[in-house]
>>> print(open('my_file_36.txt').read())   # compact mmCIF, C-alpha atoms
# COMPACT_ATOMS: atom_id res chain seq x y z
CA MET I 1 125.84 -43.76 -65.24
CA ARG I 2 127.80 -46.06 -67.46
CA SER I 3 126.30 -49.45 -68.09
CA PHE I 4 128.25 -52.51 -69.03
CA PHE I 5 126.60 -55.55 -70.60
CA ASN I 6 128.01 -59.01 -70.89
CA SER I 7 127.29 -60.91 -74.08
CA LEU I 8 124.29 -63.18 -73.85
CA ARG I 9 124.18 -66.74 -75.13
CA THR I 10 121.09 -68.89 -75.45
CA PRO I 11 121.79 -72.32 -73.96
CA LYS I 12 120.54 -75.49 -75.54
CA ILE I 13 118.15 -77.30 -73.20
CA ALA I 14 116.07 -80.42 -73.53
CA PHE I 15 112.36 -80.03 -74.21
CA GLY I 16 111.45 -81.46 -70.80
CA SER I 17 113.76 -79.04 -69.05
CA ALA I 18 112.20 -76.20 -71.00
CA LEU I 19 108.78 -77.19 -69.70
CA ILE I 20 110.05 -77.17 -66.12
CA VAL I 21 111.63 -73.71 -66.58
CA THR I 22 108.43 -72.41 -68.17
CA PHE I 23 106.39 -73.79 -65.27
CA PHE I 24 108.45 -71.90 -62.69
CA LEU I 25 108.46 -68.69 -64.72
CA VAL I 26 104.70 -68.76 -64.93
CA SER I 27 103.84 -70.03 -61.47
CA ALA I 28 106.53 -68.38 -59.33
CA PRO I 29 105.42 -65.21 -57.53
CA PRO I 30 106.89 -61.93 -58.80
CA ALA I 31 110.04 -60.65 -57.15
CA HIS I 32 107.99 -57.83 -55.60
CA SER I 33 105.02 -59.73 -54.14
CA GLN I 34 104.66 -58.06 -50.74
CA SER I 35 102.36 -55.15 -50.14
CA VAL I 36 103.96 -51.91 -48.98
CA GLU I 37 102.70 -52.48 -45.45
CA GLU I 38 103.97 -56.06 -45.34
CA PHE I 39 107.41 -55.04 -46.57
CA TYR I 40 107.90 -52.19 -44.12
CA ALA I 41 106.46 -54.19 -41.21
CA ASP I 42 109.35 -56.63 -41.74
CA ASN I 43 112.14 -54.16 -42.61
CA ASN I 44 113.78 -51.12 -41.07
CA ILE I 45 114.70 -48.09 -43.16
CA SER I 46 118.21 -46.66 -43.15
CA LEU I 47 118.25 -42.89 -43.63
CA TYR I 48 121.73 -41.95 -44.82
CA ILE I 49 123.07 -38.46 -44.11
CA GLY I 50 125.80 -37.16 -46.39
CA TYR I 51 127.59 -35.24 -43.66
CA SER I 52 129.12 -35.82 -40.25
CA VAL I 53 127.25 -35.55 -36.97
CA GLY I 54 126.40 -32.11 -35.66
CA GLY I 55 125.75 -29.96 -38.73
CA GLY I 56 122.56 -28.73 -40.36
CA TYR I 57 122.06 -31.66 -42.73
CA ASP I 58 122.56 -34.06 -39.83
CA LEU I 59 120.01 -32.17 -37.73
CA TYR I 60 117.32 -32.26 -40.44
CA GLY I 61 118.12 -35.87 -41.33
CA ARG I 62 117.72 -37.07 -37.77
CA LEU I 63 114.63 -34.93 -37.24
CA VAL I 64 112.89 -36.51 -40.25
CA ALA I 65 114.10 -39.97 -39.19
CA ARG I 66 112.37 -39.62 -35.83
CA HIS I 67 108.97 -38.90 -37.40
CA ILE I 68 108.60 -40.27 -40.92
CA GLY I 69 108.22 -43.91 -39.84
CA ARG I 70 104.77 -43.16 -38.34
CA HIS I 71 103.53 -42.19 -41.79
CA ILE I 72 104.84 -45.21 -43.71
CA PRO I 73 102.55 -48.27 -43.88
CA GLY I 74 103.93 -50.91 -41.56
CA ASN I 75 105.53 -48.22 -39.34
CA PRO I 76 109.18 -49.21 -39.84
CA THR I 77 111.96 -48.04 -37.55
CA VAL I 78 114.05 -45.41 -39.36
CA VAL I 79 117.74 -45.49 -38.45
CA PRO I 80 119.95 -42.46 -39.29
CA ILE I 81 123.44 -43.30 -40.59
CA ASN I 82 126.14 -40.74 -41.42
CA MET I 83 128.09 -41.27 -44.66
CA GLU I 84 130.11 -38.10 -45.12
CA GLY I 85 132.54 -37.35 -47.91
CA ALA I 86 133.08 -34.94 -50.84
CA GLY I 87 130.25 -32.62 -49.88
CA SER I 88 127.84 -35.61 -49.83
CA LEU I 89 128.77 -36.73 -53.36
CA ARG I 90 130.06 -39.97 -51.84
CA LEU I 91 126.54 -40.68 -50.61
CA ALA I 92 124.86 -39.57 -53.84
CA ASN I 93 127.07 -41.89 -55.90
CA TRP I 94 126.46 -44.76 -53.49
CA MET I 95 122.70 -44.19 -53.43
CA TYR I 96 122.61 -44.34 -57.21
CA SER I 97 124.78 -47.38 -57.81
CA ALA I 98 124.99 -49.48 -54.65
CA ALA I 99 122.14 -48.72 -52.23
CA PRO I 100 119.42 -51.36 -51.82
CA LYS I 101 116.75 -50.93 -54.48
CA ASP I 102 113.92 -52.26 -52.31
CA GLY I 103 112.87 -49.06 -50.52
CA SER I 104 114.86 -49.75 -47.34
CA ALA I 105 117.37 -46.95 -47.97
CA ILE I 106 116.72 -43.22 -48.29
CA GLY I 107 119.07 -40.29 -47.86
CA THR I 108 119.66 -36.58 -47.56
CA VAL I 109 122.38 -34.82 -49.57
CA ASN I 110 123.65 -31.34 -50.22
CA GLN I 111 121.32 -29.07 -52.16
CA GLY I 112 123.91 -28.69 -54.92
CA VAL I 113 124.07 -32.42 -55.67
CA PRO I 114 121.21 -32.41 -58.23
CA PHE I 115 123.05 -29.86 -60.36
CA MET I 116 126.64 -31.10 -60.24
CA PRO I 117 126.42 -33.29 -63.38
CA LEU I 118 125.07 -30.35 -65.39
CA LEU I 119 127.80 -28.05 -64.15
CA GLY I 120 130.58 -30.24 -65.43
CA GLN I 121 131.57 -32.16 -62.31
CA ARG I 122 131.56 -35.55 -64.04
CA ASP I 123 134.89 -36.46 -62.46
CA PHE I 124 133.07 -36.62 -59.13
CA THR I 125 129.53 -37.64 -60.09
CA ASP I 126 128.36 -41.07 -61.12
CA TYR I 127 124.60 -40.57 -61.08
CA GLU I 128 121.73 -39.13 -63.11
CA PRO I 129 119.77 -36.71 -60.87
CA ALA I 130 116.43 -37.18 -62.66
CA GLU I 131 116.51 -40.92 -61.95
CA PHE I 132 116.41 -40.49 -58.19
CA PHE I 133 113.06 -40.44 -56.42
CA TRP I 134 113.06 -36.96 -54.86
CA LEU I 135 110.83 -37.25 -51.79
CA GLY I 136 110.82 -33.51 -51.11
CA SER I 137 112.80 -30.82 -49.34
CA ALA I 138 112.22 -29.99 -45.69
CA ASN I 139 113.20 -26.37 -46.21
CA GLU I 140 113.75 -23.87 -48.99
CA GLU I 141 117.11 -22.48 -48.07
CA VAL I 142 118.66 -19.07 -48.25
CA THR I 143 122.37 -19.39 -47.59
CA VAL I 144 124.76 -16.74 -46.38
CA CYS I 145 128.38 -15.70 -46.36
CA VAL I 146 129.75 -14.93 -42.91
CA ALA I 147 133.07 -13.68 -41.58
CA MET I 148 134.50 -14.13 -38.10
CA GLU I 149 134.59 -10.96 -36.05
CA HIS I 150 138.39 -11.03 -35.68
CA THR I 151 138.82 -10.53 -39.46
CA GLY I 152 137.41 -7.03 -39.22
CA ILE I 153 135.22 -7.77 -42.26
CA THR I 154 131.72 -6.55 -41.49
CA GLN I 155 130.34 -5.78 -44.96
CA PHE I 156 130.43 -7.61 -48.29
CA ASP I 157 131.91 -4.58 -50.08
CA GLN I 158 135.17 -5.08 -48.16
CA LEU I 159 135.80 -8.29 -50.13
CA TYR I 160 136.61 -6.26 -53.22
CA ASP I 161 139.85 -5.32 -51.45
CA GLU I 162 140.32 -7.84 -48.61
CA GLU I 163 140.60 -11.62 -48.95
CA LEU I 164 138.23 -13.95 -47.09
CA ILE I 165 139.36 -17.57 -46.66
CA ILE I 166 136.36 -19.86 -46.30
CA GLY I 167 136.13 -23.49 -45.22
CA GLY I 168 134.46 -26.18 -47.32
CA THR I 169 133.77 -29.88 -47.58
CA GLY I 170 134.13 -30.89 -51.22
CA PRO I 171 132.91 -30.64 -54.82
CA GLY I 172 129.26 -31.45 -54.09
CA ALA I 173 128.81 -28.69 -51.55
CA ASP I 174 127.57 -25.15 -51.94
CA GLU I 175 130.79 -23.43 -50.97
CA TYR I 176 132.71 -25.34 -53.64
CA PHE I 177 130.98 -23.59 -56.52
CA LEU I 178 129.81 -20.47 -54.68
CA HIS I 179 133.33 -19.26 -54.04
CA GLY I 180 133.97 -19.55 -57.80
CA LEU I 181 130.75 -17.70 -58.54
CA LEU I 182 131.62 -14.87 -56.19
CA ARG I 183 135.20 -14.67 -57.40
CA ASP I 184 134.53 -14.80 -61.13
CA VAL I 185 131.19 -12.98 -61.44
CA LEU I 186 131.45 -10.41 -58.66
CA ASP I 187 135.29 -10.17 -58.73
CA VAL I 188 135.75 -10.37 -54.96
CA GLN I 189 138.75 -11.69 -53.03
CA ILE I 190 137.68 -15.11 -51.76
CA ARG I 191 139.51 -18.42 -51.41
CA SER I 192 138.25 -21.84 -50.32
CA ILE I 193 140.02 -24.53 -48.27
CA THR I 194 138.17 -27.83 -48.64
CA GLY I 195 138.37 -31.29 -47.08
CA TYR I 196 136.36 -30.84 -43.89
CA PRO I 197 133.86 -33.70 -43.25
CA GLY I 198 130.95 -31.38 -42.48
CA GLY I 199 129.73 -28.04 -41.20
CA ASN I 200 130.58 -28.85 -37.60
CA GLU I 201 134.23 -29.28 -38.52
CA ILE I 202 134.21 -26.07 -40.58
CA ASN I 203 132.85 -24.19 -37.57
CA ALA I 204 135.61 -25.66 -35.41
CA ALA I 205 138.17 -24.57 -38.01
CA MET I 206 136.74 -21.06 -37.85
CA GLU I 207 137.14 -21.06 -34.09
CA ARG I 208 140.77 -22.24 -34.42
CA GLY I 209 141.52 -19.54 -36.98
CA GLU I 210 142.26 -21.99 -39.81
CA VAL I 211 139.65 -20.25 -41.96
CA ASP I 212 137.98 -16.86 -41.75
CA GLY I 213 134.38 -17.76 -42.50
CA ARG I 214 131.88 -19.70 -44.58
CA CYS I 215 129.84 -19.14 -47.73
CA GLY I 216 126.81 -21.19 -48.65
CA TRP I 217 125.96 -21.70 -44.97
CA SER I 218 122.24 -22.19 -44.59
CA TRP I 219 120.68 -19.33 -42.63
CA ALA I 220 118.41 -21.87 -40.96
CA SER I 221 121.48 -23.87 -39.94
CA VAL I 222 123.26 -20.79 -38.59
CA LYS I 223 120.32 -20.14 -36.28
CA VAL I 224 120.18 -23.78 -35.15
CA THR I 225 123.83 -24.69 -34.74
CA ARG I 226 125.46 -21.38 -33.72
CA PRO I 227 122.80 -19.04 -32.29
CA ASP I 228 125.36 -17.78 -29.75
CA TRP I 229 127.62 -16.57 -32.57
CA LEU I 230 124.77 -14.37 -33.80
CA GLU I 231 123.88 -13.14 -30.33
CA ASN I 232 127.40 -12.21 -29.24
CA GLY I 233 128.67 -10.92 -32.59
CA THR I 234 131.22 -13.68 -33.21
CA ILE I 235 130.25 -13.64 -36.89
CA ASN I 236 129.09 -10.95 -39.31
CA VAL I 237 126.60 -11.87 -42.03
CA LEU I 238 127.86 -10.37 -45.28
CA LEU I 239 125.65 -11.63 -48.12
CA GLN I 240 122.52 -13.65 -48.89
CA LEU I 241 122.70 -16.30 -51.61
CA GLY I 242 119.32 -17.11 -53.10
CA LEU I 243 116.69 -15.96 -55.55
CA ASN I 244 114.93 -13.88 -52.89
CA LYS I 245 115.86 -12.34 -49.56
CA HIS I 246 115.04 -14.17 -46.38
CA PRO I 247 112.38 -12.20 -44.46
CA GLU I 248 114.63 -12.19 -41.38
CA LEU I 249 117.51 -10.50 -43.24
CA PRO I 250 116.03 -7.40 -44.89
CA ASP I 251 119.22 -5.33 -44.58
CA ILE I 252 121.73 -7.92 -45.82
CA PRO I 253 122.49 -7.61 -49.57
CA LEU I 254 121.19 -10.31 -51.93
CA ILE I 255 123.49 -11.72 -54.60
CA MET I 256 120.82 -11.26 -57.29
CA ASP I 257 120.90 -7.52 -56.70
CA LEU I 258 124.64 -7.37 -57.45
CA ALA I 259 124.40 -8.62 -61.05
CA ASP I 260 125.47 -6.03 -63.65
CA ASN I 261 123.73 -7.40 -66.74
CA GLU I 262 121.20 -9.92 -68.06
CA GLN I 263 123.85 -12.56 -68.69
CA GLU I 264 124.94 -12.43 -65.06
CA ILE I 265 121.31 -12.58 -63.93
CA ARG I 266 120.74 -15.78 -65.97
CA LEU I 267 123.91 -17.28 -64.53
CA LEU I 268 122.93 -16.45 -60.97
CA ARG I 269 119.43 -17.85 -61.49
CA LEU I 270 120.96 -21.11 -62.66
CA VAL I 271 123.18 -21.47 -59.61
CA MET I 272 120.64 -20.15 -57.10
CA ALA I 273 118.09 -22.77 -58.24
CA THR I 274 119.59 -24.98 -55.53
CA GLY I 275 117.61 -23.06 -52.88
CA PRO I 276 114.36 -25.06 -53.08
CA PHE I 277 116.47 -28.23 -52.70
CA GLY I 278 117.72 -26.83 -49.39
CA ARG I 279 117.16 -29.98 -47.31
CA PRO I 280 116.45 -32.64 -49.94
CA PHE I 281 115.51 -36.25 -49.27
CA LEU I 282 115.78 -38.90 -51.95
CA ALA I 283 115.48 -42.61 -52.64
CA PRO I 284 117.59 -44.57 -55.12
CA PRO I 285 116.36 -45.33 -58.63
CA GLY I 286 114.85 -48.70 -59.33
CA ILE I 287 112.81 -49.22 -56.17
CA PRO I 288 109.23 -50.53 -56.61
CA ALA I 289 106.89 -47.75 -57.64
CA ASP I 290 104.38 -48.39 -54.85
CA ARG I 291 107.09 -48.10 -52.20
CA ALA I 292 108.44 -44.93 -53.79
CA ALA I 293 104.92 -43.46 -53.77
CA ALA I 294 104.52 -44.45 -50.11
CA LEU I 295 107.79 -42.73 -49.20
CA VAL I 296 106.77 -39.52 -50.98
CA ALA I 297 103.36 -39.58 -49.27
CA ALA I 298 105.05 -40.20 -45.92
CA PHE I 299 107.37 -37.23 -46.41
CA ASN I 300 104.40 -35.02 -47.29
CA ALA I 301 102.61 -36.13 -44.12
CA THR I 302 105.69 -35.72 -41.95
CA ILE I 303 106.35 -32.07 -42.81
CA VAL I 304 102.85 -31.07 -41.64
CA ASP I 305 102.78 -33.42 -38.65
CA PRO I 306 102.19 -31.35 -35.47
CA GLU I 307 104.70 -33.46 -33.52
CA PHE I 308 107.34 -32.95 -36.20
CA LEU I 309 106.70 -29.22 -36.34
CA ALA I 310 106.76 -28.92 -32.54
CA GLU I 311 110.17 -30.59 -32.34
CA ALA I 312 111.44 -28.50 -35.27
CA GLU I 313 110.48 -25.37 -33.37
CA ILE I 314 112.29 -26.57 -30.25
CA LEU I 315 115.39 -27.23 -32.36
CA ARG I 316 114.95 -23.90 -34.19
CA ALA I 317 114.88 -25.86 -37.45
CA GLU I 318 113.14 -23.79 -40.10
CA VAL I 319 110.49 -25.66 -42.09
CA ARG I 320 109.50 -24.15 -45.45
CA PRO I 321 108.95 -27.37 -47.40
CA VAL I 322 109.08 -27.93 -51.15
CA LEU I 323 107.21 -30.98 -52.40
CA SER I 324 108.40 -33.65 -54.82
CA PRO I 325 106.57 -32.43 -57.98
CA GLU I 326 108.04 -28.93 -57.66
CA LEU I 327 111.56 -30.29 -57.17
CA ASN I 328 111.21 -32.46 -60.25
CA GLN I 329 109.95 -29.48 -62.28
CA ILE I 330 112.83 -27.26 -61.13
CA LEU I 331 115.29 -29.99 -62.05
CA ALA I 332 113.77 -30.34 -65.53
CA ASP I 333 113.79 -26.56 -66.08
CA VAL I 334 117.41 -26.16 -64.97
CA TYR I 335 118.60 -28.93 -67.27
CA ARG I 336 117.00 -27.03 -70.16
CA THR I 337 119.15 -23.93 -69.51
CA GLU I 338 120.77 -22.52 -72.65
CA SER I 339 124.23 -23.93 -73.32
CA GLU I 340 126.04 -20.56 -73.16
CA THR I 341 124.97 -19.99 -69.55
CA VAL I 342 125.74 -23.57 -68.55
CA GLU I 343 129.19 -23.39 -70.11
CA ARG I 344 130.05 -20.20 -68.23
CA ALA I 345 128.97 -21.86 -64.97
CA ARG I 346 131.18 -24.82 -65.80
CA GLU I 347 134.14 -22.56 -66.50
CA MET I 348 133.85 -21.12 -62.99
CA LEU I 349 134.25 -24.58 -61.51
CA ARG I 350 137.33 -25.57 -63.46
>>> encode(input="my_file_36.txt", output="structure tokens")
Amino acid sequence: MRSFFNSLRTPKIAFGSALIVTFFLVSAPPAHSQSVEEFYADNNISLYIGYSVGGGYDLYGRLVARHIGRHIPGNPTVVPINMEGAGSLRLANWMYSAAPKDGSAIGTVNQGVPFMPLLGQRDFTDYEPAEFFWLGSANEEVTVCVAMEHTGITQFDQLYDEELIIGGTGPGADEYFLHGLLRDVLDVQIRSITGYPGGNEINAAMERGEVDGRCGWSWASVKVTRPDWLENGTINVLLQLGLNKHPELPDIPLIMDLADNEQEIRLLRLVMATGPFGRPFLAPPGIPADRAAALVAAFNATIVDPEFLAEAEILRAEVRPVLSPELNQILADVYRTESETVERAREMLR
């Protein structure tokens, strides 16, 4: 984030005026004088969702919004607000530079957002990922590539000879860099059409025949938003994208198993590190430390809350949470990746 500083000048003031200024500096209460409970008793929280209504991120965002307020001192009302755009990069940039820095705004963004600055997407990113307060992730995601039944593509191997056109949102989203990864590392025939506001609109485009499928679609989201497509064979699951196979998909190939050499393995590990950030929640930098700690503690309590888990089960929303310290450690490790591997990942996105 670029910072711009205006030149500072020290004004000349009379001695008496200086005493008055000193009095107020010493005696005035600090800007952050309320306790956490007092602040949240008087203020609602806005939970911003980086996608349109109806997709997986929206479902998890609204689910957390309905429960997390009970675990925050003062029990604030939590209001979900959709702010879609550029695969949730619009929201990430706004959270970093313009969101209230008092603890009244939190958000959920695409799992790829923490890694976009590293991977060379500085034209789209205006934030430093390590400066956010990462509250935690509601689910460690395994994503998949799927093809509509009418394409006749039923297995991943067919993509070496047949083109799959996938729908996408924008540069912050999984499919934006995954189609480059699949094309350049695995040498398959895949093309991405971007610009859809969210997953719901991509699914509609698949139904209209505008695109043939999706890559980087959360398996948990597939089960929640389109269970009928799985049951009636409308889609075929071609590939799993993650460090490990999902236990429910033992017979679907895993991208890690398709690497030909150690260099490709390192590259895939870098990109697949997004998985633990599957459903990430964050707060903007600069909020008071005690409120940030309260939000992290509230997230931790929410994801084990029996009422939360009961509703998640009704919604078929998978909950395999990853806590804040682990997310921060993954982020630190990824940003220490050797430059050769990072540069190759960047080349795929250009």
>>> closest_residue(input="my_file_36.txt", among="I:Pro197, I:Pro285, I:Pro76, I:Pro306", to="Leu135 (chain I)", atoms="only C-alpha atoms")
I:Pro285
>>> residues_around(input="my_file_36.txt", residues="region 126-132 of chain I", least_positions_apart="5", cutoff="9 Å", atoms="all atoms listed in the file", output="MDAnalysis selection string")
chainID I and resid 1:2 89 92:97 113:117 282:286 328 331:332
>>> closest_residue(input="my_file_36.txt", among="I:Pro250, I:Gly61, I:Gly107, I:Gly199", to="Trp134 (chain I)", atoms="only C-alpha atoms")
I:Gly107
>>> atom_distance(input="my_file_36.txt", atom1="CA of Leu295 (chain I)", atom2="CA of Gly216 (chain I)")
28.7 Å
>>> closest_residue(input="my_file_36.txt", among="I:Met256, I:Ala147, I:Ile330, I:Ala317", to="Leu182 (chain I)", atoms="all atoms listed in the file")
I:Met256
>>> residues_around(input="my_file_36.txt", residues="Asn44 (chain I)", least_positions_apart="5", cutoff="7 Å", atoms="all atoms listed in the file", output="list in words")
Pro76, Thr77, Val78 and Ser104 of chain I
